[in-house]
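Participant: My structure is stored as start_24.txt, with compact mmCIF, C-alpha atoms.
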```
# COMPACT_ATOMS: atom_id res chain seq x y z
CA MET A 1 -70.22 43.94 82.01
CA GLN A 2 -66.53 43.19 81.83
CA THR A 3 -65.04 41.70 78.69
CA ALA A 4 -62.05 39.41 78.64
CA SER A 5 -58.86 41.18 77.65
CA ALA A 6 -56.88 39.93 74.68
CA PRO A 7 -53.91 37.73 75.60
CA THR A 8 -50.61 39.60 75.70
CA LEU A 9 -47.87 38.40 73.38
CA PRO A 10 -44.44 37.91 74.97
CA PRO A 11 -41.84 40.68 74.87
CA ASP A 12 -38.25 40.24 73.75
CA GLY A 13 -35.51 39.06 76.10
CA ALA A 14 -35.10 42.57 77.52
CA GLY A 15 -38.81 42.92 78.29
CA ARG A 16 -39.61 45.23 75.38
CA ALA A 17 -42.79 44.81 73.34
CA ILE A 18 -42.43 43.48 69.81
CA ASP A 19 -43.46 45.90 67.06
CA LEU A 20 -44.76 43.28 64.63
CA ALA A 21 -44.99 45.52 61.56
CA ALA A 22 -41.46 46.86 62.07
CA VAL A 23 -40.02 43.39 62.70
CA ARG A 24 -41.66 41.91 59.61
CA GLU A 25 -40.16 44.72 57.53
CA ARG A 26 -36.76 44.05 59.04
CA LEU A 27 -36.93 40.28 58.53
CA ALA A 28 -38.20 40.38 54.94
CA PRO A 29 -34.82 40.87 53.20
CA LEU A 30 -32.80 38.70 55.59
CA SER A 31 -31.47 35.24 54.80
CA ALA A 32 -32.66 32.23 56.77
CA GLN A 33 -29.46 32.24 58.83
CA GLU A 34 -29.84 35.95 59.57
CA ARG A 35 -33.43 35.45 60.71
CA LEU A 36 -32.32 32.72 63.11
CA ARG A 37 -29.55 34.92 64.50
CA TRP A 38 -32.02 37.80 64.93
CA ALA A 39 -34.36 35.53 66.91
CA GLN A 40 -31.60 34.28 69.20
CA GLU A 41 -30.34 37.82 69.82
CA THR A 42 -33.88 39.10 70.40
CA PHE A 43 -35.35 36.34 72.58
CA GLY A 44 -32.24 34.78 74.12
CA GLU A 45 -33.03 31.60 76.03
CA GLY A 46 -36.67 32.01 75.00
CA PHE A 47 -35.84 30.96 71.42
CA ALA A 48 -36.10 27.37 70.16
CA LEU A 49 -36.51 25.40 66.95
CA THR A 50 -39.19 22.77 66.36
CA THR A 51 -38.68 19.80 64.07
CA SER A 52 -40.35 16.65 62.82
CA PHE A 53 -37.13 15.20 61.34
CA GLY A 54 -38.93 15.15 58.03
CA ILE A 55 -37.69 15.40 54.45
CA GLN A 56 -36.33 18.97 54.68
CA ALA A 57 -35.57 19.04 58.41
CA ALA A 58 -31.80 18.84 58.03
CA VAL A 59 -31.62 22.36 56.58
CA LEU A 60 -32.72 24.30 59.68
CA LEU A 61 -31.12 21.77 62.01
CA HIS A 62 -27.79 22.39 60.31
CA MET A 63 -28.31 26.16 60.50
CA VAL A 64 -29.09 26.20 64.23
CA SER A 65 -26.21 23.81 64.87
CA GLU A 66 -23.85 26.29 63.20
CA LEU A 67 -25.47 29.21 65.01
CA GLY A 68 -24.95 27.50 68.36
CA GLN A 69 -21.29 26.86 67.55
CA GLN A 70 -20.75 30.47 66.47
CA THR A 71 -22.41 32.05 69.51
CA GLY A 72 -21.61 29.41 72.11
CA ARG A 73 -25.33 29.17 72.89
CA PRO A 74 -26.93 25.99 71.51
CA VAL A 75 -30.51 26.45 70.34
CA PRO A 76 -32.94 23.94 71.91
CA VAL A 77 -34.53 21.69 69.27
CA ILE A 78 -38.00 20.45 70.19
CA TRP A 79 -38.99 17.22 68.43
CA VAL A 80 -42.70 16.40 68.42
CA ASP A 81 -42.62 12.59 68.53
CA THR A 82 -46.14 11.27 68.01
CA GLY A 83 -45.15 7.66 68.65
CA TYR A 84 -46.35 6.82 65.13
CA LEU A 85 -43.39 7.95 63.06
CA PRO A 86 -41.88 5.60 60.46
CA ALA A 87 -38.87 3.60 61.58
CA GLU A 88 -36.84 5.51 59.00
CA THR A 89 -37.63 8.81 60.74
CA TYR A 90 -36.42 7.55 64.12
CA GLN A 91 -33.21 6.32 62.46
CA TYR A 92 -32.76 9.62 60.61
CA ALA A 93 -33.32 11.59 63.81
CA ASP A 94 -30.63 9.62 65.61
CA LEU A 95 -28.22 10.22 62.73
CA LEU A 96 -28.78 13.99 62.66
CA VAL A 97 -28.70 14.42 66.44
CA GLN A 98 -25.31 12.73 66.61
CA ARG A 99 -23.87 14.43 63.52
CA LEU A 100 -25.04 17.95 64.35
CA GLN A 101 -24.72 17.66 68.15
CA LEU A 102 -28.24 18.96 68.68
CA LYS A 103 -29.65 20.06 72.03
CA LEU A 104 -32.72 17.86 71.67
CA VAL A 105 -35.95 18.06 73.68
CA VAL A 106 -38.50 15.33 72.91
CA ALA A 107 -42.16 16.35 73.17
CA GLN A 108 -44.60 13.44 73.51
CA SER A 109 -48.25 13.10 74.46
CA ALA A 110 -49.05 12.23 78.05
CA MET A 111 -51.40 9.63 76.55
CA SER A 112 -49.63 6.58 75.11
CA PRO A 113 -50.61 5.35 71.64
CA ALA A 114 -52.11 2.19 73.18
CA ARG A 115 -54.23 4.16 75.62
CA MET A 116 -55.40 6.57 72.95
CA GLU A 117 -56.46 3.73 70.67
CA ALA A 118 -58.27 1.98 73.54
CA LEU A 119 -60.24 5.13 74.40
CA HIS A 120 -60.76 6.66 70.97
CA GLY A 121 -59.97 3.98 68.41
CA ARG A 122 -57.62 4.35 65.45
CA LEU A 123 -58.59 7.96 64.79
CA TRP A 124 -56.78 8.16 61.47
CA GLU A 125 -58.88 5.35 59.93
CA THR A 126 -62.38 6.85 60.23
CA GLU A 127 -62.02 9.34 57.35
CA GLN A 128 -63.63 11.94 59.63
CA VAL A 129 -61.94 15.33 59.86
CA ALA A 130 -63.05 15.70 63.50
CA ASP A 131 -61.21 12.50 64.40
CA LEU A 132 -58.05 13.68 62.67
CA GLU A 133 -58.29 16.96 64.57
CA LEU A 134 -58.57 15.07 67.86
CA TYR A 135 -55.60 12.91 66.90
CA HIS A 136 -53.47 15.94 66.06
CA ARG A 137 -54.47 17.77 69.23
CA ILE A 138 -53.54 14.78 71.42
CA ARG A 139 -50.36 13.72 69.68
CA LYS A 140 -48.96 16.97 68.28
CA VAL A 141 -50.42 20.30 69.39
CA GLU A 142 -50.76 19.71 73.15
CA PRO A 143 -47.31 18.05 73.51
CA LEU A 144 -45.67 20.92 71.63
CA ASP A 145 -47.44 23.63 73.60
CA ARG A 146 -46.52 21.90 76.87
CA ALA A 147 -42.85 21.64 75.81
CA LEU A 148 -42.80 25.32 74.82
CA THR A 149 -44.27 26.30 78.19
CA ASP A 150 -41.92 24.04 80.17
CA GLY A 151 -38.93 25.43 78.26
CA GLY A 152 -39.94 29.06 78.69
CA VAL A 153 -40.05 29.47 74.91
CA THR A 154 -41.44 32.77 73.65
CA CYS A 155 -40.40 32.42 69.99
CA TRP A 156 -40.10 29.18 68.05
CA ALA A 157 -38.80 28.66 64.53
CA SER A 158 -40.03 26.03 62.11
CA GLY A 159 -39.24 24.92 58.58
CA VAL A 160 -42.59 25.76 56.99
CA ARG A 161 -42.47 27.08 53.42
CA GLY A 162 -45.08 29.25 51.79
CA ASN A 163 -45.68 26.98 48.81
CA GLN A 164 -46.57 23.93 50.92
CA THR A 165 -50.24 24.63 51.72
CA ASP A 166 -52.94 27.23 51.14
CA HIS A 167 -52.65 28.37 54.77
CA ARG A 168 -48.88 28.79 54.56
CA ARG A 169 -49.08 31.06 51.49
CA ALA A 170 -50.58 33.73 53.75
CA MET A 171 -47.91 33.43 56.44
CA GLU A 172 -45.40 36.15 57.33
CA PRO A 173 -41.78 35.66 58.47
CA LEU A 174 -43.06 36.29 62.02
CA ASP A 175 -46.60 35.61 63.22
CA PRO A 176 -48.31 35.26 66.60
CA VAL A 177 -49.41 31.64 67.10
CA ARG A 178 -51.11 30.51 70.32
CA GLN A 179 -49.68 33.35 72.44
CA ARG A 180 -46.11 32.94 71.17
CA TRP A 181 -44.07 34.22 68.25
CA SER A 182 -43.57 31.84 65.34
CA LEU A 183 -40.56 32.48 63.07
CA ARG A 184 -40.38 31.09 59.51
CA PRO A 185 -36.78 31.35 58.25
CA LEU A 186 -37.47 29.26 55.11
CA LEU A 187 -40.83 30.78 54.20
CA SER A 188 -39.77 31.83 50.67
CA TRP A 189 -37.63 28.77 49.95
CA THR A 190 -38.47 26.32 47.17
CA LYS A 191 -37.86 22.57 46.98
CA ARG A 192 -34.87 23.38 44.79
CA ASP A 193 -33.42 25.71 47.46
CA VAL A 194 -33.75 22.93 50.04
CA TYR A 195 -32.18 20.33 47.76
CA TYR A 196 -29.17 22.48 46.81
CA TYR A 197 -28.51 23.54 50.40
CA MET A 198 -28.43 19.91 51.47
CA GLU A 199 -26.13 19.06 48.58
CA GLU A 200 -23.76 21.96 49.34
CA GLN A 201 -23.59 21.09 53.02
CA GLN A 202 -23.41 17.35 52.30
CA LEU A 203 -26.38 16.65 54.55
CA PRO A 204 -27.94 13.17 54.47
CA GLN A 205 -31.38 12.82 52.93
CA HIS A 206 -34.26 11.24 54.81
CA PRO A 207 -34.34 7.53 53.82
CA LEU A 208 -37.90 7.89 52.48
CA PHE A 209 -36.87 10.65 50.07
CA GLU A 210 -35.42 8.01 47.75
CA GLN A 211 -38.75 6.18 47.88
CA GLY A 212 -40.61 9.13 46.40
CA TYR A 213 -41.73 10.98 49.55
CA SER A 214 -41.58 14.78 49.33
CA THR A 215 -43.08 15.11 52.83
CA VAL A 216 -43.40 12.63 55.66
CA GLY A 217 -45.13 12.60 59.03
CA ASP A 218 -46.74 9.61 60.73
CA TRP A 219 -46.51 6.23 59.01
CA HIS A 220 -50.28 5.96 58.65
CA SER A 221 -50.87 9.40 57.13
CA SER A 222 -47.93 9.81 54.75
CA ALA A 223 -47.50 8.52 51.22
CA PRO A 224 -45.05 8.94 48.34
CA ASP A 225 -45.91 11.34 45.54
CA ALA A 226 -48.05 9.70 42.90
CA GLY A 227 -49.09 11.29 39.61
CA GLU A 228 -50.78 14.63 40.24
CA VAL A 229 -50.89 14.07 44.02
CA SER A 230 -47.74 15.39 45.65
CA GLY A 231 -46.43 17.31 48.64
CA ARG A 232 -48.88 18.01 51.48
CA ALA A 233 -51.74 16.63 49.36
CA THR A 234 -50.36 13.15 50.12
CA ARG A 235 -50.87 13.66 53.86
CA PHE A 236 -53.85 12.74 56.05
CA GLY A 237 -55.61 10.87 53.26
CA GLY A 238 -56.19 14.17 51.48
CA LEU A 239 -58.65 15.28 54.19
CA LYS A 240 -56.43 18.00 55.64
CA GLN A 241 -53.30 19.97 54.80
CA GLU A 242 -52.45 21.15 58.33
CA CYS A 243 -52.06 19.20 61.55
CA GLY A 244 -52.72 22.29 63.70
CA ILE A 245 -49.25 23.09 65.02
CA HIS A 246 -48.98 26.19 62.83
CA LEU A 247 -52.54 27.42 63.36
CA PRO A 248 -53.66 30.08 65.86
CA GLY A 249 -55.82 29.37 68.88
CA LEU A 250 -55.38 27.96 72.35
CA MET A 251 -54.05 24.40 72.67
CA GLY A 252 -55.03 23.52 69.13
CA GLU A 253 -58.22 25.53 68.97
CA GLY A 254 -58.93 26.22 65.32
CA ILE A 255 -57.06 23.19 63.99
```
Could you rewrite the structure in this file as structure tokens?
Facilitator:
Amino acid sequence: MQTASAPTLPPDGAGRAIDLAAVRERLAPLSAQERLRWAQETFGEGFALTTSFGIQAAVLLHMVSELGQQTGRPVPVIWVDTGYLPAETYQYADLLVQRLQLKLVVAQSAMSPARMEALHGRLWETEQVADLELYHRIRKVEPLDRALTDGGVTCWASGVRGNQTDHRRAMEPLDPVRQRWSLRPLLSWTKRDVYYYMEEQQLPQHPLFEQGYSTVGDWHSSAPDAGEVSGRATRFGGLKQECGIHLPGLMGEGI
């Protein structure tokens, strides 16, 4: 009886296999900017950044903008637009794209919000984890995976930080996620690190930051910090910490 072979993770830009243990050791002492440069040098056109244009998004967007200017090779920025983002996020995205001259790729579900609601209802209102998982698979995970495939991306960077959720505390600077490499340049950063970087670089804050939001996603599943509830605990009605983008599995499996 034959058994299915494990999926092969992508090599670097020269076709060489990635030695995960060695790479993690190499990345550990590097700064966020140095990790981004390593990824571009290692994966070439197969490297991209993902963003939600959230509260801390400007940090990595500024870094990849500078990297692109220094190397003459702009890093593609993949924006997962669920169609349910707050108006302030769309306005903030437009501001940062223009200011930082980003090479933007918009990833959206093939199913419109109206069609999804007609077929499945308002999935975020049922207070059922399974419905939230379906929502995130349709609107976030599948669009991102399709954009990564279409763009030939073998390594993607994101702004996740280790102190955001229980799952992220166990992350490494480089991990395999759904048959690709996932780079975390800001994994050890704190809220203070983010704030001071934005101040030093004179980057604009997300409009909802001044309204008490420390994290923001879709309008219906985000809330300002309140009392002891803060950060990712304000998301998804407290039912979940992760939307599934940063979890292993195929096309959202294991969300």
Participant: Neighbours of Tyr195 in chain A within 10 Å (all atoms listed in the file; same-chain residues fewer than 6 positions away dropped), as JSON, numbers by chain?
Facilitator: {"A": [55, 56, 59, 203, 205]}
Participant: Excluding Val105 in chain A and residues on its chain fewer than 4 positions from it, collect all residues at most 10 Å away from it, counting all atoms listed in the file, and give them as JSON, numbers by chain.
Facilitator: {"A": [48, 49, 50, 76, 77, 78, 79, 80, 147, 151]}
Participant: Quote the spacing between CA of Phe209 in chain A and CA of Tyr92 in chain A in Å to one decimal place.
Facilitator: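 If I compute the distance from CA of Phe209 in chain A to CA of Tyr92 in chain A, I get 11.4 Å.
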Participant: List as a list in words the protein and nucleic acid residues near Asp218 in chain A, meaning an atom at most 12 Å away when only C-alpha atoms are counted, but skip any in the same chain fewer than 3 places from it.
Facilitator: Ser52, Phe53, Gly54, Val80, Asp81, Thr82, Gly83, Tyr84, Leu85, Pro86, Ala87, Glu88, Thr89, Tyr90, Trp124, Tyr135, His136, Arg139, Lys140, Thr215, Ser221, Ser222, Ala223, Thr234, Arg235, Phe236, Gly237 and Cys243 of chain A
Participant: Name the closest residue to Gln33 in chain A among the candidates A:Ala157, A:Leu102, A:Met171, A:Ala17; distances are taken between atoms, counting all atoms listed in the file.
Facilitator: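 Distance minimum relative to Gln33 in chain A lands on A:Ala157.
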Participant: The centre and edge lengths of an axis-aligned box containing all atoms of range 112-131 of chain A present in the file, extended by 3 Å on each side, are to be given in Å to one decimal, as JSON.
Facilitator:
```
{"center_x": -56.6, "center_y": 8.8, "center_z": 66.5, "size_x": 20.0, "size_y": 19.7, "size_z": 24.3}
```
Participant: Mind pulling up the distance from CA of Val106 in chain A to CA of Arg122 in chain A?
Facilitator: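 Those two atoms sit 23.3 Å apart.
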Participant: So how many Å separate CA of Met116 in chain A and CA of Trp219 in chain A, to one decimal?
Facilitator: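 Spanning CA of Met116 in chain A to CA of Trp219 in chain A is a straight-line distance of 16.5 Å.
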Participant: Near Gln201 in chain A, within 10 Å and counting only C-alpha atoms, which residues show up once chain neighbours fewer than 2 positions away are dropped, as an mmCIF file with C-alpha atoms, keeping the file's coordinate frame?
Facilitator:
```cif
data_model
loop_
_atom_site.group_PDB
_atom_site.id
_atom_site.type_symbol
_atom_site.label_atom_id
_atom_site.label_comp_id
_atom_site.auth_asym_id
_atom_site.auth_seq_id
_atom_site.Cartn_x
_atom_site.Cartn_y
_atom_site.Cartn_z
ATOM 1 C CA ALA A 58 -31.800 18.840 58.030
ATOM 2 C CA VAL A 59 -31.620 22.360 56.580
ATOM 3 C CA HIS A 62 -27.790 22.390 60.310
ATOM 4 C CA TYR A 196 -29.170 22.480 46.810
ATOM 5 C CA TYR A 197 -28.510 23.540 50.400
ATOM 6 C CA MET A 198 -28.430 19.910 51.470
ATOM 7 C CA GLU A 199 -26.130 19.060 48.580
ATOM 8 C CA LEU A 203 -26.380 16.650 54.550
ATOM 9 C CA PRO A 204 -27.940 13.170 54.470
#
```
Participant: I need the residue nearest Ala22 in chain A from this list: A:Pro207, A:Pro173, A:Pro74, A:Pro185. Use all atoms listed in the file for the distance.
Facilitator: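 Smallest separation from Ala22 in chain A among the options: A:Pro173.
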Participant: List the residues sitting within 7 Å of (-49.7, 34.4, 75.0) in the file's frame, using all atoms listed in the file, as a VMD selection string.
Facilitator: chain A and resid 7 to 10 178 to 180
Participant: Do you know which residues are at most 10 Å from Glu34 in chain A counting only C-alpha atoms, after dropping those on the same chain fewer than 4 positions away, and could you put them as a count of residues only?
Facilitator: 9
